[in-house]
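Visitor: Just dropping this structure here.
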Amino acid sequence: MKAVRFHAHGGAEKLNYEEAPEPKILLPTDAIIRLKAAAINRIDLSIRRGLGSMEVTLPHIPGSDGAGIVSEVGAHVNHIKAGDAVCLYPAISCRQCEFCVTDREILCQELRVLGAREHGTYAEYVRLPALNCFPVPVGLSFEEAAGFPLSYVTAWRMLVTNARLKPGEHVLILGVGGGVASAALQIAACLGSHIIVTSSNDEKLALAGNLGAEHGINYRNTDFSRKVRDLTGKRGVDVVLDCVGGDNWPRSLASLAKGGRLVTCGAMAGANPRTDMRRIFWNHLRIFGSTLGSRKEFRQLLNFLEASRTKPIIDRVFPLREAYAAQQRLEEGKQFGKVILSIDG
Ligand SMILES: [Zn+2]
């Protein structure tokens, strides 16, 4: 089959479009999917560069997000069959530990994510447990169905499960344009919250305005925590979604109303920011760390997408062979929404 692989860690030029062995059914609970689309996530860039704790066996096929058609299933699989259109829940866990049996499989010691410890979706075929395959939500194309799993379930867990964002509350979303932040914008807009977003790019702020953000702050020339205070009559916001960290972190805390909630899933701008702890206990703030989301949350998200007729924001679609250009677009921070790989063959 055709796939995009890297044989050594490094820049986007390490991604080769080439022949790779086709995956085979290994367990009676496996499924093989003929992929029609995949999506780029920031984790793909970290794994390619060899950053973090995720060691991969080289050559490696990246990609955590995908959608396609079931090609083959193992003998014990009944809920899907060859020919079904499916999207993929990207986390694979032991299904037996204390976390797995209480719908918290993302805490499982043996957690493997497609494209991280498993070969991923930048390919014509992928193997994964059949239980990770869900019907494509009604009305979504394969490209849209590949565009939501990782970033939207991450945003869903952060805003709905952790922060419990309610209609009428005020939420601040940092760095709108990124996958999780733009997913959060759509979810928060559907929930009926008042939304403030930040970006260094005025075009992205304007796009966010079209999607339901009431205010956009360009953080290059404005201290966003002061601006948030101005915009909320000095009260602050109920929820901040900060996937950025670094110098933004103290400002995120300073943007919160008393009793506010901060949710975080990333530290691109720095993992060791200064924190004034007094602000946390005086103001009864709550901080939630989060990555990904559970299978149960994925199911909730599928229902939400169908019921609200929400379609993930697609930034641009590249053919599979141009995966390097697709990753570069993310690396340069040019995107608004998901960058997709179209896989036909
Ligand atoms: Zn487990």
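Scheme for the structure tokens: letters A, B, ... for chains in order shown; per-chain residue numbers from 1; ligand numbers from 1 in order shown.
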Please, which residues of range 191-262 of chain A, numbered as in this document, come out alpha helix (DSSP H) from DSSP, as JSON, numbers by chain?
Guide: {"A": [202, 203, 204, 205, 206, 207, 208, 209, 210, 224, 225, 226, 227, 228, 229, 230, 231, 248, 249, 250, 251, 252, 253, 254]}
Visitor: Using only C-alpha atoms and all ligand atoms, which residues of chain A come within 7 Å of ligand 1, and what is the closest atom pair for each, with the distance in Å to one decimal? Give it as a tab-separated table, sorted by chain and residue number.
Guide:
residue	atom	partner	partner_atom_place_in_ligand_line	distance
A:Ser93	CA	ligand 1	1 (Zn)	5.1
A:Cys94	CA	ligand 1	1 (Zn)	4.0
A:Arg95	CA	ligand 1	1 (Zn)	4.8
A:Gln96	CA	ligand 1	1 (Zn)	5.2
A:Cys97	CA	ligand 1	1 (Zn)	4.1
A:Glu98	CA	ligand 1	1 (Zn)	6.7
A:Phe99	CA	ligand 1	1 (Zn)	5.7
A:Cys100	CA	ligand 1	1 (Zn)	4.4
A:Glu105	CA	ligand 1	1 (Zn)	5.7
A:Cys108	CA	ligand 1	1 (Zn)	4.0
A:Gln109	CA	ligand 1	1 (Zn)	6.1
A:Glu110	CA	ligand 1	1 (Zn)	6.0
A:Leu111	CA	ligand 1	1 (Zn)	6.9
Visitor: Hey, can you spit out that residue selection with all heavy atoms as an mmCIF file, in the first residue's frame?
Guide:
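See part_29.cif below for the written result:
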data_model
loop_
_atom_site.group_PDB
_atom_site.id
_atom_site.type_symbol
_atom_site.label_atom_id
_atom_site.label_comp_id
_atom_site.auth_asym_id
_atom_site.auth_seq_id
_atom_site.Cartn_x
_atom_site.Cartn_y
_atom_site.Cartn_z
ATOM 1 N N SER A 93 -6.667 0.969 24.657
ATOM 2 C CA SER A 93 -6.259 0.738 26.048
ATOM 3 C C SER A 93 -6.493 -0.725 26.418
ATOM 4 O O SER A 93 -7.009 -1.508 25.621
ATOM 5 C CB SER A 93 -7.057 1.655 26.980
ATOM 6 O OG SER A 93 -8.432 1.365 26.871
ATOM 7 N N CYS A 94 -6.121 -1.086 27.672
ATOM 8 C CA CYS A 94 -6.153 -2.503 28.063
ATOM 9 C C CYS A 94 -7.572 -3.018 28.292
ATOM 10 O O CYS A 94 -7.817 -4.207 28.229
ATOM 11 C CB CYS A 94 -5.293 -2.721 29.309
ATOM 12 S SG CYS A 94 -6.102 -2.324 30.880
ATOM 13 N N ARG A 95 -8.506 -2.115 28.602
ATOM 14 C CA ARG A 95 -9.924 -2.408 28.828
ATOM 15 C C ARG A 95 -10.180 -3.230 30.096
ATOM 16 O O ARG A 95 -11.272 -3.733 30.299
ATOM 17 C CB ARG A 95 -10.570 -3.103 27.613
ATOM 18 C CG ARG A 95 -10.431 -2.291 26.339
ATOM 19 C CD ARG A 95 -11.310 -2.784 25.216
ATOM 20 N NE ARG A 95 -12.733 -2.686 25.545
ATOM 21 C CZ ARG A 95 -13.418 -1.548 25.606
ATOM 22 N NH1 ARG A 95 -12.835 -0.411 25.371
ATOM 23 N NH2 ARG A 95 -14.693 -1.565 25.904
ATOM 24 N N GLN A 96 -9.185 -3.374 30.966
ATOM 25 C CA GLN A 96 -9.343 -4.189 32.177
ATOM 26 C C GLN A 96 -8.956 -3.464 33.461
ATOM 27 O O GLN A 96 -9.350 -3.858 34.537
ATOM 28 C CB GLN A 96 -8.466 -5.440 32.066
ATOM 29 C CG GLN A 96 -8.930 -6.380 30.983
ATOM 30 C CD GLN A 96 -7.976 -7.531 30.765
ATOM 31 O OE1 GLN A 96 -7.112 -7.782 31.594
ATOM 32 N NE2 GLN A 96 -8.114 -8.219 29.658
ATOM 33 N N CYS A 97 -8.155 -2.428 33.386
ATOM 34 C CA CYS A 97 -7.624 -1.803 34.610
ATOM 35 C C CYS A 97 -8.689 -0.928 35.272
ATOM 36 O O CYS A 97 -9.777 -0.727 34.728
ATOM 37 C CB CYS A 97 -6.363 -1.008 34.290
ATOM 38 S SG CYS A 97 -6.687 0.512 33.377
ATOM 39 N N GLU A 98 -8.351 -0.392 36.448
ATOM 40 C CA GLU A 98 -9.327 0.401 37.204
ATOM 41 C C GLU A 98 -9.811 1.612 36.401
ATOM 42 O O GLU A 98 -10.936 2.069 36.562
ATOM 43 C CB GLU A 98 -8.712 0.886 38.532
ATOM 44 C CG GLU A 98 -7.486 1.754 38.337
ATOM 45 C CD GLU A 98 -6.982 2.394 39.624
ATOM 46 O OE1 GLU A 98 -7.775 3.052 40.310
ATOM 47 O OE2 GLU A 98 -5.779 2.237 39.908
ATOM 48 N N PHE A 99 -8.974 2.151 35.544
ATOM 49 C CA PHE A 99 -9.363 3.322 34.755
ATOM 50 C C PHE A 99 -10.223 2.918 33.558
ATOM 51 O O PHE A 99 -11.225 3.563 33.266
ATOM 52 C CB PHE A 99 -8.106 4.075 34.288
ATOM 53 C CG PHE A 99 -7.239 4.527 35.416
ATOM 54 C CD1 PHE A 99 -5.969 3.993 35.603
ATOM 55 C CD2 PHE A 99 -7.702 5.469 36.327
ATOM 56 C CE1 PHE A 99 -5.177 4.399 36.655
ATOM 57 C CE2 PHE A 99 -6.911 5.886 37.396
ATOM 58 C CZ PHE A 99 -5.642 5.344 37.556
ATOM 59 N N CYS A 100 -9.808 1.824 32.896
ATOM 60 C CA CYS A 100 -10.558 1.380 31.717
ATOM 61 C C CYS A 100 -11.990 0.977 32.075
ATOM 62 O O CYS A 100 -12.911 1.235 31.303
ATOM 63 C CB CYS A 100 -9.838 0.214 31.041
ATOM 64 S SG CYS A 100 -8.398 0.735 30.087
ATOM 65 N N GLU A 105 -10.332 5.486 30.268
ATOM 66 C CA GLU A 105 -9.245 4.743 29.629
ATOM 67 C C GLU A 105 -8.071 5.624 29.236
ATOM 68 O O GLU A 105 -6.970 5.119 29.014
ATOM 69 C CB GLU A 105 -9.750 3.963 28.412
ATOM 70 C CG GLU A 105 -10.397 4.795 27.324
ATOM 71 C CD GLU A 105 -11.899 4.863 27.471
ATOM 72 O OE1 GLU A 105 -12.367 5.373 28.501
ATOM 73 O OE2 GLU A 105 -12.614 4.431 26.558
ATOM 74 N N CYS A 108 -5.170 4.940 31.343
ATOM 75 C CA CYS A 108 -4.646 3.564 31.333
ATOM 76 C C CYS A 108 -3.129 3.565 31.148
ATOM 77 O O CYS A 108 -2.595 4.284 30.311
ATOM 78 C CB CYS A 108 -5.312 2.790 30.184
ATOM 79 S SG CYS A 108 -4.696 1.108 29.989
ATOM 80 N N GLN A 109 -2.450 2.728 31.935
ATOM 81 C CA GLN A 109 -0.987 2.606 31.830
ATOM 82 C C GLN A 109 -0.563 2.129 30.451
ATOM 83 O O GLN A 109 0.528 2.421 29.994
ATOM 84 C CB GLN A 109 -0.480 1.558 32.844
ATOM 85 C CG GLN A 109 -0.420 2.025 34.267
ATOM 86 C CD GLN A 109 0.805 2.878 34.549
ATOM 87 O OE1 GLN A 109 1.496 3.283 33.637
ATOM 88 N NE2 GLN A 109 1.047 3.167 35.817
ATOM 89 N N GLU A 110 -1.437 1.337 29.829
ATOM 90 C CA GLU A 110 -1.067 0.734 28.541
ATOM 91 C C GLU A 110 -1.642 1.492 27.354
ATOM 92 O O GLU A 110 -1.748 0.944 26.257
ATOM 93 C CB GLU A 110 -1.536 -0.729 28.512
ATOM 94 C CG GLU A 110 -0.809 -1.579 29.526
ATOM 95 C CD GLU A 110 -1.334 -2.995 29.576
ATOM 96 O OE1 GLU A 110 -1.844 -3.482 28.559
ATOM 97 O OE2 GLU A 110 -1.239 -3.600 30.664
ATOM 98 N N LEU A 111 -2.032 2.753 27.584
ATOM 99 C CA LEU A 111 -2.665 3.530 26.520
ATOM 100 C C LEU A 111 -1.745 3.662 25.301
ATOM 101 O O LEU A 111 -0.573 3.993 25.424
ATOM 102 C CB LEU A 111 -3.022 4.926 27.030
ATOM 103 C CG LEU A 111 -3.914 5.724 26.073
ATOM 104 C CD1 LEU A 111 -5.345 5.203 26.132
ATOM 105 C CD2 LEU A 111 -3.882 7.199 26.399
#
Visitor: Quick one: which range 112-159 of chain A residues come within 9 Å of range 300-318 of chain A, and what is the nearest atom pair for each with the distance in Å to one decimal, counting only C-alpha atoms, rows ordered by chain and ascending number, as CSV?
Guide:
residue,atom,partner,partner_atom,distance
A:Phe134,CA,A:Leu302,CA,8.7
A:Pro135,CA,A:Leu302,CA,8.9
A:Val136,CA,A:Leu302,CA,8.4
A:Pro137,CA,A:Glu306,CA,5.9
A:Val138,CA,A:Glu306,CA,6.2
A:Gly139,CA,A:Arg309,CA,7.7
A:Leu140,CA,A:Lys311,CA,6.8
A:Glu143,CA,A:Val317,CA,8.1
A:Glu144,CA,A:Pro312,CA,6.0
A:Ala145,CA,A:Pro312,CA,8.0
A:Gly147,CA,A:Pro312,CA,6.4
A:Phe148,CA,A:Pro312,CA,5.9
A:Pro149,CA,A:Leu301,CA,8.9
A:Tyr152,CA,A:Leu301,CA,7.7
A:Val153,CA,A:Leu301,CA,6.6
A:Trp156,CA,A:Leu301,CA,7.0
Visitor: Can you pull out every residue within 8 Å of Pro62 in chain A, counting only C-alpha atoms, but drop anything in the same chain fewer than 2 positions away, and send it as a PyMOL selection string?
Guide: chain A and resi 4-5+44+47-48+60+64+114-116+119-122
Visitor: Keeping only C-alpha atoms, write the selected residues as a CSV table (one decimal), in the first residue's frame.
Guide:
chain,number,residue,atom,x,y,z
A,4,VAL,CA,3.7,8.3,4.4
A,5,ARG,CA,6.5,7.2,6.7
A,44,ASP,CA,2.3,14.3,14.7
A,47,ILE,CA,6.6,12.5,17.2
A,48,ARG,CA,8.3,13.2,13.9
A,60,HIS,CA,6.9,4.9,11.4
A,64,SER,CA,-4.1,9.8,14.9
A,114,LEU,CA,-3.0,5.7,16.7
A,115,GLY,CA,0.1,7.3,15.1
A,116,ALA,CA,2.0,7.3,18.4
A,119,HIS,CA,1.1,2.9,13.0
A,120,GLY,CA,-1.2,5.7,12.1
A,121,THR,CA,-3.5,7.0,9.4
A,122,TYR,CA,-1.2,8.6,6.8
Visitor: Would you tabulate, counting only C-alpha atoms, all residues of range 135-186 of chain A that have an atom at most 10 Å from an atom of range 258-279 of chain A, showing the closest pair of atoms and their distance in Å to one decimal, sorted by chain then ascending number, as a tab-separated table?
Guide:
residue	atom	partner	partner_atom	distance
A:Thr154	CA	A:Cys265	CA	8.1
A:Ala155	CA	A:Cys265	CA	9.0
A:Arg157	CA	A:Val263	CA	9.6
A:Met158	CA	A:Val263	CA	6.0
A:Leu159	CA	A:Val263	CA	7.6
A:Asn162	CA	A:Val263	CA	7.5
A:Ala163	CA	A:Arg261	CA	6.0
A:Arg164	CA	A:Arg261	CA	9.0
A:Leu165	CA	A:Arg261	CA	9.1
A:His170	CA	A:Gly260	CA	9.9
A:Val171	CA	A:Arg261	CA	9.5
A:Leu172	CA	A:Leu262	CA	9.5
A:Ile173	CA	A:Val263	CA	9.9
A:Val180	CA	A:Cys265	CA	8.9
Visitor: Output N, CA and C atoms of each residue in that selection to a file, as an mmCIF file, in the first residue's frame.
Guide:
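The resulting file, selection-v3.cif, is shown below:
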data_model
loop_
_atom_site.group_PDB
_atom_site.id
_atom_site.type_symbol
_atom_site.label_atom_id
_atom_site.label_comp_id
_atom_site.auth_asym_id
_atom_site.auth_seq_id
_atom_site.Cartn_x
_atom_site.Cartn_y
_atom_site.Cartn_z
ATOM 1 N N THR A 154 -10.921 16.151 22.575
ATOM 2 C CA THR A 154 -10.098 16.854 23.574
ATOM 3 C C THR A 154 -10.830 18.107 24.063
ATOM 4 N N ALA A 155 -11.347 18.893 23.121
ATOM 5 C CA ALA A 155 -12.067 20.124 23.490
ATOM 6 C C ALA A 155 -13.348 19.796 24.257
ATOM 7 N N ARG A 157 -13.982 17.143 26.218
ATOM 8 C CA ARG A 157 -13.670 16.770 27.601
ATOM 9 C C ARG A 157 -13.320 18.015 28.431
ATOM 10 N N MET A 158 -12.553 18.917 27.823
ATOM 11 C CA MET A 158 -12.131 20.106 28.563
ATOM 12 C C MET A 158 -13.313 20.999 28.938
ATOM 13 N N LEU A 159 -14.164 21.296 27.967
ATOM 14 C CA LEU A 159 -15.235 22.274 28.217
ATOM 15 C C LEU A 159 -16.454 21.656 28.887
ATOM 16 N N ASN A 162 -14.901 18.584 32.115
ATOM 17 C CA ASN A 162 -14.084 19.191 33.167
ATOM 18 C C ASN A 162 -14.626 20.547 33.624
ATOM 19 N N ALA A 163 -14.729 21.501 32.699
ATOM 20 C CA ALA A 163 -15.129 22.865 33.098
ATOM 21 C C ALA A 163 -16.633 22.983 33.302
ATOM 22 N N ARG A 164 -17.397 22.028 32.778
ATOM 23 C CA ARG A 164 -18.867 22.092 32.874
ATOM 24 C C ARG A 164 -19.404 23.455 32.445
ATOM 25 N N LEU A 165 -18.957 23.889 31.298
ATOM 26 C CA LEU A 165 -19.379 25.181 30.750
ATOM 27 C C LEU A 165 -20.893 25.189 30.536
ATOM 28 N N HIS A 170 -19.239 33.009 30.541
ATOM 29 C CA HIS A 170 -18.210 33.636 29.712
ATOM 30 C C HIS A 170 -16.994 32.728 29.640
ATOM 31 N N VAL A 171 -16.507 32.514 28.405
ATOM 32 C CA VAL A 171 -15.345 31.646 28.227
ATOM 33 C C VAL A 171 -14.302 32.370 27.377
ATOM 34 N N LEU A 172 -13.040 32.201 27.769
ATOM 35 C CA LEU A 172 -11.911 32.757 27.011
ATOM 36 C C LEU A 172 -11.147 31.592 26.384
ATOM 37 N N ILE A 173 -10.945 31.638 25.069
ATOM 38 C CA ILE A 173 -10.229 30.574 24.353
ATOM 39 C C ILE A 173 -8.949 31.175 23.760
ATOM 40 N N VAL A 180 -7.627 22.267 18.644
ATOM 41 C CA VAL A 180 -8.435 22.167 19.859
ATOM 42 C C VAL A 180 -9.176 23.477 20.108
#
Visitor: As a VMD selection string, please: every residue in range 159-305 of chain A that a backbone DSSP assignment puts in strand (DSSP E or B).
Guide: chain A and resid 170 to 173 176 178 194 to 199 215 to 218 237 to 242 256 to 264 286 to 289
